[in-house]
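Listing of structure00.cif; format and content: mmCIF, C-alpha atoms.
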data_my_file
#
loop_
_atom_site.label_atom_id
_atom_site.label_comp_id
_atom_site.auth_asym_id
_atom_site.auth_seq_id
_atom_site.Cartn_x
_atom_site.Cartn_y
_atom_site.Cartn_z
CA MET A 1 0.00 0.00 0.00
CA LEU A 2 2.87 2.38 0.80
CA ILE A 3 4.57 1.89 -2.59
CA THR A 4 1.22 2.09 -4.39
CA SER A 5 0.39 5.36 -2.62
CA LEU A 6 3.81 6.78 -3.46
CA VAL A 7 3.54 5.85 -7.14
CA MET A 8 -0.05 7.09 -7.32
CA SER A 9 0.88 10.42 -5.74
CA LEU A 10 3.79 10.88 -8.15
CA ASN A 11 1.61 10.07 -11.17
CA GLN A 12 -0.98 12.66 -10.14
CA LEU A 13 1.24 15.37 -8.67
CA LEU A 14 4.07 15.50 -11.22
CA PRO A 15 1.91 16.72 -14.16
CA VAL A 16 0.53 19.50 -11.97
CA ALA A 17 3.96 20.55 -10.72
CA ILE A 18 5.54 20.51 -14.19
CA LEU A 19 2.85 22.64 -15.84
CA LEU A 20 2.97 25.08 -12.93
CA ILE A 21 6.75 25.46 -13.22
CA LEU A 22 6.63 25.85 -17.00
CA LEU A 23 4.02 28.62 -16.83
CA GLN A 24 5.80 30.33 -13.95
CA VAL A 25 9.16 30.40 -15.73
CA VAL A 26 7.64 31.59 -19.02
CA ALA A 27 6.10 34.61 -17.25
CA LYS A 28 6.35 34.98 -13.48
CA GLN A 29 3.30 35.43 -11.30
CA SER A 30 3.34 36.80 -7.77
CA LEU A 31 3.43 34.42 -4.81
CA MET A 32 -0.07 35.47 -3.74
CA LYS A 33 -1.55 34.67 -7.14
CA LEU A 34 0.32 31.37 -7.18
CA LEU A 35 -0.99 30.38 -3.75
CA GLY A 36 -4.47 31.55 -4.70
CA GLY A 37 -4.46 29.31 -7.77
CA LEU A 38 -3.29 26.32 -5.73
CA ILE A 39 -5.96 26.83 -3.06
CA LEU A 40 -8.70 27.22 -5.67
CA GLY A 41 -7.42 24.15 -7.50
CA ILE A 42 -7.55 22.00 -4.36
CA GLY A 43 -11.03 23.30 -3.54
CA LEU A 44 -12.39 22.62 -7.04
CA SER A 45 -10.78 19.17 -7.04
CA PHE A 46 -12.84 18.25 -3.96
CA LEU A 47 -15.91 19.84 -5.54
CA PHE A 48 -15.35 17.82 -8.71
CA VAL A 49 -15.19 14.61 -6.66
CA LYS A 50 -18.31 15.53 -4.68
CA SER A 51 -20.25 16.32 -7.87
CA ALA A 52 -19.08 13.15 -9.65
CA PRO A 53 -22.28 11.21 -8.77
CA LEU A 54 -24.31 14.00 -10.41
CA MET A 55 -22.13 14.23 -13.53
CA SER A 56 -21.68 10.52 -14.10
CA PRO A 57 -25.25 9.73 -15.33
CA LEU A 58 -25.13 12.53 -17.91
CA PHE A 59 -24.61 11.75 -21.63
CA ASP A 60 -25.55 8.08 -21.21
CA TYR A 61 -23.38 7.67 -18.10
CA GLN A 62 -20.36 9.23 -19.75
CA GLY A 63 -20.58 12.58 -17.99
CA LEU A 64 -17.31 12.24 -16.10
CA GLU A 65 -15.39 11.44 -19.26
CA TYR A 66 -16.89 14.44 -21.02
CA ALA A 67 -15.96 16.66 -18.07
CA GLN A 68 -12.37 15.39 -18.11
CA ILE A 69 -12.14 15.91 -21.88
CA GLY A 70 -13.34 19.48 -21.35
CA LEU A 71 -10.65 20.04 -18.70
CA CYS A 72 -7.92 18.76 -21.05
CA ILE A 73 -9.05 21.13 -23.81
CA LEU A 74 -9.28 24.00 -21.32
CA ILE A 75 -5.70 23.41 -20.17
CA PHE A 76 -4.43 23.61 -23.76
CA ILE A 77 -6.38 26.78 -24.59
CA SER A 78 -5.56 28.60 -21.34
CA ALA A 79 -1.84 27.73 -21.54
CA LEU A 80 -1.70 29.02 -25.11
CA TYR A 81 -3.58 32.19 -24.21
CA TYR A 82 -1.22 32.74 -21.27
CA VAL A 83 1.79 32.53 -23.57
CA ILE A 84 0.22 35.02 -26.00
CA LYS A 85 -1.27 37.51 -23.53
CA GLN A 86 0.41 36.59 -20.22
CA ALA A 87 -2.98 37.12 -18.57
CA THR A 88 -3.27 36.14 -14.91
CA ALA A 89 -6.76 34.71 -15.53
CA ALA A 90 -5.36 32.27 -18.09
CA PHE A 91 -2.66 31.20 -15.62
CA MET A 92 -5.29 30.57 -12.95
CA ILE A 93 -7.55 28.63 -15.31
CA ALA A 94 -4.69 26.42 -16.50
CA ILE A 95 -3.51 25.61 -12.96
CA ILE A 96 -7.00 25.05 -11.56
CA SER A 97 -7.95 22.84 -14.53
CA VAL A 98 -4.85 20.65 -14.34
CA MET A 99 -5.24 20.28 -10.57
CA THR A 100 -8.90 19.33 -10.95
CA LEU A 101 -8.06 16.82 -13.67
CA TYR A 102 -5.29 15.01 -11.80
CA LEU A 103 -5.91 15.60 -8.09
CA SER A 104 -9.52 14.41 -8.32
CA HIS A 105 -8.20 10.93 -9.21
CA TYR A 106 -5.95 10.91 -6.16
CA ILE A 107 -8.70 12.21 -3.88
CA ILE A 108 -10.96 9.36 -5.02
CA TYR A 109 -8.09 6.94 -4.33
CA LEU A 110 -7.57 8.37 -0.84
CA ILE A 111 -11.28 8.26 0.01
CA GLY A 112 -11.54 4.68 -1.25
CA PHE A 113 -8.76 3.33 0.98
CA TRP A 114 -9.01 5.67 3.99
CA GLN A 115 -10.86 3.12 6.11
CA SER A 116 -8.49 1.12 8.27
CA ASN A 117 -5.78 2.68 10.43
CA GLU A 118 -3.09 0.62 8.70
CA ALA A 119 -4.15 1.80 5.24
CA ALA A 120 -4.47 5.40 6.45
CA GLN A 121 -0.91 5.34 7.78
CA SER A 122 0.47 3.97 4.50
CA LEU A 123 -1.54 6.50 2.50
CA PHE A 124 -0.24 9.36 4.65
CA ILE A 125 3.40 8.27 4.40
CA GLY A 126 3.14 7.60 0.66
CA THR A 127 1.51 10.98 0.05
CA PHE A 128 4.08 12.74 2.22
CA LEU A 129 6.96 11.08 0.36
CA GLY A 130 5.34 11.87 -2.99
CA LEU A 131 4.95 15.53 -2.02
CA GLY A 132 8.58 15.65 -0.93
CA ILE A 133 9.84 14.14 -4.16
CA CYS A 134 7.64 16.42 -6.30
CA SER A 135 8.74 19.47 -4.30
CA SER A 136 12.42 18.63 -4.75
CA PHE A 137 11.92 17.90 -8.43
CA SER A 138 9.99 21.15 -8.90
CA VAL A 139 12.77 23.23 -7.32
CA LEU A 140 15.42 21.60 -9.51
CA LEU A 141 13.24 21.97 -12.62
CA TYR A 142 12.55 25.63 -11.85
CA PHE A 143 16.23 26.53 -11.61
CA LEU A 144 17.09 24.40 -14.64
CA LEU A 145 14.44 26.05 -16.80
CA SER A 146 15.38 29.49 -15.49
CA ALA A 147 19.00 28.86 -16.48
CA ILE A 148 17.90 27.63 -19.92
CA LYS A 149 15.75 30.74 -20.38
CA GLN A 150 18.61 33.02 -19.36
CA ARG A 151 21.07 31.37 -21.74
CA PHE A 152 18.95 30.32 -24.72
CA GLY A 153 15.90 32.55 -24.46
CA LEU A 154 12.22 31.67 -24.34
CA THR A 155 12.10 29.29 -27.33
CA PRO A 156 13.13 26.05 -25.52
CA LEU A 157 10.52 26.73 -22.82
CA LEU A 158 7.82 27.34 -25.40
CA VAL A 159 8.69 24.04 -27.07
CA LEU A 160 8.40 22.19 -23.74
CA LEU A 161 5.15 23.95 -22.91
CA ALA A 162 3.75 23.19 -26.37
CA LEU A 163 4.58 19.48 -25.98
CA ASN A 164 3.18 19.41 -22.45
CA SER A 165 -0.05 21.12 -23.52
CA ALA A 166 -0.40 18.93 -26.61
CA ALA A 167 -0.13 15.88 -24.36
CA LYS A 168 -3.32 17.00 -22.59
CA LEU A 169 -5.19 16.80 -25.90
CA VAL A 170 -3.84 13.27 -26.33
CA VAL A 171 -5.31 12.43 -22.91
CA ALA A 172 -8.62 13.85 -24.16
CA LEU A 173 -8.42 11.61 -27.24
CA ASP A 174 -7.72 8.56 -25.07
CA LEU A 175 -10.79 9.36 -22.99
CA ALA A 176 -12.85 9.86 -26.14
CA SER A 177 -11.77 6.47 -27.48
CA GLN A 178 -12.69 4.82 -24.16
CA ILE A 179 -16.30 5.98 -24.54
CA ASP A 180 -16.37 5.18 -28.28
CA LEU A 181 -16.53 8.79 -29.45
CA ILE A 182 -13.63 8.12 -31.82
CA PRO A 183 -12.29 4.82 -33.15
CA THR A 184 -9.01 3.34 -31.97
CA THR A 185 -6.35 3.47 -34.67
CA VAL A 186 -3.26 1.37 -35.29
CA THR A 187 -0.16 1.64 -33.12
CA VAL A 188 2.57 3.73 -34.74
CA TRP A 189 5.49 2.15 -32.85
CA ASP A 190 6.30 0.12 -29.75
CA LEU A 191 9.16 1.42 -27.59
CA ARG A 192 8.46 -0.69 -24.51
CA ASP A 193 11.70 -2.61 -24.99
CA ILE A 194 13.63 0.69 -24.89
CA LEU A 195 11.71 2.76 -22.33
CA THR A 196 8.45 1.85 -20.62
CA GLU A 197 6.03 4.44 -19.26
CA ASN A 198 6.16 2.75 -15.83
CA SER A 199 9.91 3.25 -15.40
CA GLU A 200 11.26 6.17 -13.37
CA PHE A 201 12.46 8.10 -16.40
CA GLY A 202 9.37 7.10 -18.37
CA ARG A 203 7.09 8.59 -15.71
CA VAL A 204 9.00 11.87 -15.76
CA LEU A 205 8.89 12.03 -19.56
CA ARG A 206 5.18 11.23 -19.57
CA ALA A 207 4.48 14.03 -17.12
CA LEU A 208 6.83 16.44 -18.93
CA ILE A 209 6.03 15.89 -22.61
CA GLY A 210 3.35 13.18 -22.65
CA TYR A 211 5.64 10.29 -23.60
CA GLU A 212 3.84 7.14 -24.76
CA ALA A 213 5.64 3.91 -25.58
CA THR A 214 2.82 2.69 -27.85
CA PRO A 215 1.00 5.68 -29.35
CA ASN A 216 -1.75 5.14 -31.89
CA LEU A 217 -1.94 7.06 -35.16
CA THR A 218 -4.67 9.46 -34.02
CA SER A 219 -2.78 10.37 -30.84
CA PHE A 220 0.49 10.84 -32.73
CA LEU A 221 -1.04 13.12 -35.37
CA SER A 222 -2.93 15.12 -32.74
CA TYR A 223 0.24 15.51 -30.67
CA VAL A 224 2.28 16.77 -33.63
CA LEU A 225 -0.38 19.08 -35.08
CA SER A 226 -1.39 20.61 -31.74
CA SER A 227 2.27 21.20 -30.84
CA VAL A 228 2.83 22.97 -34.17
CA LEU A 229 -0.34 24.99 -33.66
CA PHE A 230 0.75 26.01 -30.15
CA LEU A 231 4.22 27.08 -31.30
CA SER A 232 2.94 28.89 -34.38
CA ALA A 233 0.34 30.83 -32.41
CA SER A 234 2.76 31.70 -29.60
CA TYR A 235 5.32 32.95 -32.13
CA PHE A 236 3.24 34.82 -34.72
CA ILE A 237 0.28 36.23 -32.78
CA PRO A 238 2.31 38.31 -30.26
CA LYS A 239 4.32 39.76 -33.17
CA SER A 240 1.17 40.73 -35.06
CA ILE A 241 -0.23 42.37 -31.91
CA THR A 242 3.00 44.35 -31.47
CA LYS A 243 2.87 45.56 -35.10
CA GLU A 244 -0.77 46.66 -34.69
CA LYS A 245 0.08 48.66 -31.58
CA SER A 246 3.02 50.36 -33.31
#

Show this structure as C-alpha cells.
Amino acid sequence: MLITSLVMSLNQLLPVAILLILLQVVAKQSLMKLLGGLILGIGLSFLFVKSAPLMSPLFDYQGLEYAQIGLCILIFISALYYVIKQATAAFMIAIISVMTLYLSHYIIYLIGFWQSNEAAQSLFIGTFLGLGICSSFSVLLYFLLSAIKQRFGLTPLLVLLALNSAAKLVVALDLASQIDLIPTTVTVWDLRDILTENSEFGRVLRALIGYEATPNLTSFLSYVLSSVLFLSASYFIPKSITKEKS
C-alpha cells in the first residue's frame, strides 16, 4: 500500500507541478496569485469529486469522461492564451484545470482506501513522500528552466510547454476512445523494450512531454499538429499584436 500510494501520488502530482513550473518560468506570477491558484485548484478538485455522482449519469453515463475531456481542452487553450497575452486569468484557469483533472483521481483513491488505520498510515506516508519528491523535483526543474531561459531565451521553454499542452489533448483523445466517441487506430510504434512508461524516467517524460511507448496514429497526429499549432500561435500572434500597436 505504501509503494502504491507513493507511485499514485507521483503520477498525479508531477503533471501539476511541471505545468505550474513551466508557466511560472515563461512569465512569473506573484506568490499570492500562485498560492491563490493552488488553493482554488484544491477546492475545485474536492468539488469535482463531490459532484461526480451528479455528472456521471449525464450523456448516457459518460458525464465524467466528457468533463475530463473538457478540462484537457481548457488546459491547452488557457496555456496558449497565457503565452500570448500573459494574462493572470489564463494562468489561474490552467492551474485550476490541471489540478482538478489530476488531483480528483488521487482524492478518489484516498477516500476509497481511507478506512483502516493501517491503510491510512500507509496513505499518509506515501503521500508525504510523494509531495517531498515532487517538491524537490519542482525546485530543480525551476532553476534548470530558469538557467535555460537566461542562456537560450524563451524558445526552448515554449517548445516544452507546447509538448506538455499537446499531451493533454492526447489524454482527451484517449478518454474519447474509451467511450467510443472516436475509433481506436493502429499503433505507430512500440518502444516498450527501450523505455516503458512505468519506469522512473518514463514517468517523468510522460508528465513532462506526454511520452507514450505505444502511441496510436490518431494520438500521434494530434500531438504533432497541436504542438505545431501552439508554437505557431505563440510565435506569430504576439508579433502581429506588437505591429498593430506600433

Given only C-alpha atoms, how would the per-residue table for stretch 73-131 of chain A near stretch 154-166 of chain A read, listing every residue at most 10 Å away with its closest atom pair and distance in Å to one decimal, sorted by chain and number, as a tab-separated table?
residue	atom	partner	partner_atom	distance
A:Ile73	CA	A:Ser165	CA	9.0
A:Leu74	CA	A:Ser165	CA	9.9
A:Ile75	CA	A:Ser165	CA	7.0
A:Phe76	CA	A:Ser165	CA	5.0
A:Ile77	CA	A:Ser165	CA	8.6
A:Ser78	CA	A:Ser165	CA	9.5
A:Ala79	CA	A:Ser165	CA	7.1
A:Leu80	CA	A:Ala162	CA	8.1
A:Val83	CA	A:Leu158	CA	8.2
A:Ala94	CA	A:Ser165	CA	9.9

*Which of A:Tyr61, A:Ile84, A:Leu14, A:Lys33 sits closest to A:Cys134 [using all atoms listed in the file]*: A:Leu14

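Near A:Tyr102, within a cut-off of 9 Å and counting all atoms listed in the file, sit the residues Asn11, Gln12, Leu13, Pro15, Val16, Ser45, Ser97, Val98 and Tyr106 of chain A, with same-chain residues fewer than 4 positions away left out.
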
*Any chance you could work out the residue set of the PyMOL selection byres ((chain A and resi 188-199) around 7) here, as a ChimeraX atom specification?*
/A:186-187,200-203,206,212-217

_the PyMOL selection byres ((chain A and resi 104) around 9) - which residues does that actually catch in the file I just gave you? List them as a ChimeraX atom specification._
/A:12,42,44-49,99-103,105-109

Output for the residues just chosen: C-alpha atoms as a PDB file, in the frame of the given file:
ATOM      1  CA  GLN A  12      -0.980  12.660 -10.140  1.00  0.00           C
ATOM      2  CA  ILE A  42      -7.550  22.000  -4.360  1.00  0.00           C
ATOM      3  CA  LEU A  44     -12.390  22.620  -7.040  1.00  0.00           C
ATOM      4  CA  SER A  45     -10.780  19.170  -7.040  1.00  0.00           C
ATOM      5  CA  PHE A  46     -12.840  18.250  -3.960  1.00  0.00           C
ATOM      6  CA  LEU A  47     -15.910  19.840  -5.540  1.00  0.00           C
ATOM      7  CA  PHE A  48     -15.350  17.820  -8.710  1.00  0.00           C
ATOM      8  CA  VAL A  49     -15.190  14.610  -6.660  1.00  0.00           C
ATOM      9  CA  MET A  99      -5.240  20.280 -10.570  1.00  0.00           C
ATOM     10  CA  THR A 100      -8.900  19.330 -10.950  1.00  0.00           C
ATOM     11  CA  LEU A 101      -8.060  16.820 -13.670  1.00  0.00           C
ATOM     12  CA  TYR A 102      -5.290  15.010 -11.800  1.00  0.00           C
ATOM     13  CA  LEU A 103      -5.910  15.600  -8.090  1.00  0.00           C
ATOM     14  CA  HIS A 105      -8.200  10.930  -9.210  1.00  0.00           C
ATOM     15  CA  TYR A 106      -5.950  10.910  -6.160  1.00  0.00           C
ATOM     16  CA  ILE A 107      -8.700  12.210  -3.880  1.00  0.00           C
ATOM     17  CA  ILE A 108     -10.960   9.360  -5.020  1.00  0.00           C
ATOM     18  CA  TYR A 109      -8.090   6.940  -4.330  1.00  0.00           C
TER      19      TYR A 109
END

*Rank A:Met32, A:Ala176, A:Val26, A:Cys72 by their smallest atom-to-atom distance to A:Lys85, using all atoms listed in the file, and report the top residue only.*
A:Val26

Starting from the PyMOL selection byres ((chain A and resi 62) around 12), expand the selection into actual residues of this file and give them as a compact mmCIF listing (two decimals) with C-alpha atoms, in the frame of the given file.
# COMPACT_ATOMS: atom_id res chain seq x y z
CA ALA A 52 -19.08 13.15 -9.65
CA PRO A 53 -22.28 11.21 -8.77
CA LEU A 54 -24.31 14.00 -10.41
CA MET A 55 -22.13 14.23 -13.53
CA SER A 56 -21.68 10.52 -14.10
CA PRO A 57 -25.25 9.73 -15.33
CA LEU A 58 -25.13 12.53 -17.91
CA PHE A 59 -24.61 11.75 -21.63
CA ASP A 60 -25.55 8.08 -21.21
CA TYR A 61 -23.38 7.67 -18.10
CA GLY A 63 -20.58 12.58 -17.99
CA LEU A 64 -17.31 12.24 -16.10
CA GLU A 65 -15.39 11.44 -19.26
CA TYR A 66 -16.89 14.44 -21.02
CA ALA A 67 -15.96 16.66 -18.07
CA GLN A 68 -12.37 15.39 -18.11
CA ILE A 69 -12.14 15.91 -21.88
CA LEU A 175 -10.79 9.36 -22.99
CA ALA A 176 -12.85 9.86 -26.14
CA SER A 177 -11.77 6.47 -27.48
CA GLN A 178 -12.69 4.82 -24.16
CA ILE A 179 -16.30 5.98 -24.54
CA ASP A 180 -16.37 5.18 -28.28
CA LEU A 181 -16.53 8.79 -29.45

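Put simply, atom CA of A:Leu35 is 16.1 Å away from atom CA of A:Leu131.
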
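With atom CA of A:Leu6 on one side and atom CA of A:Leu123 on the other, the separation reads 8.0 Å.
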
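Proximity ranking of A:Gln24, A:Thr127, A:Ser30, A:Ser222 relative to A:Val7 places A:Thr127 first, based on only C-alpha atoms.
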
_Let me make sure I understand: among A:Leu173, A:Thr4, A:Ala167, A:Ala87, which one has the smallest atom-to-atom distance to A:Val224 if we use all atoms listed in the file?_
A:Ala167

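Note that atom CA of A:Met92 and atom CA of A:Ser51 are 21.3 Å apart.
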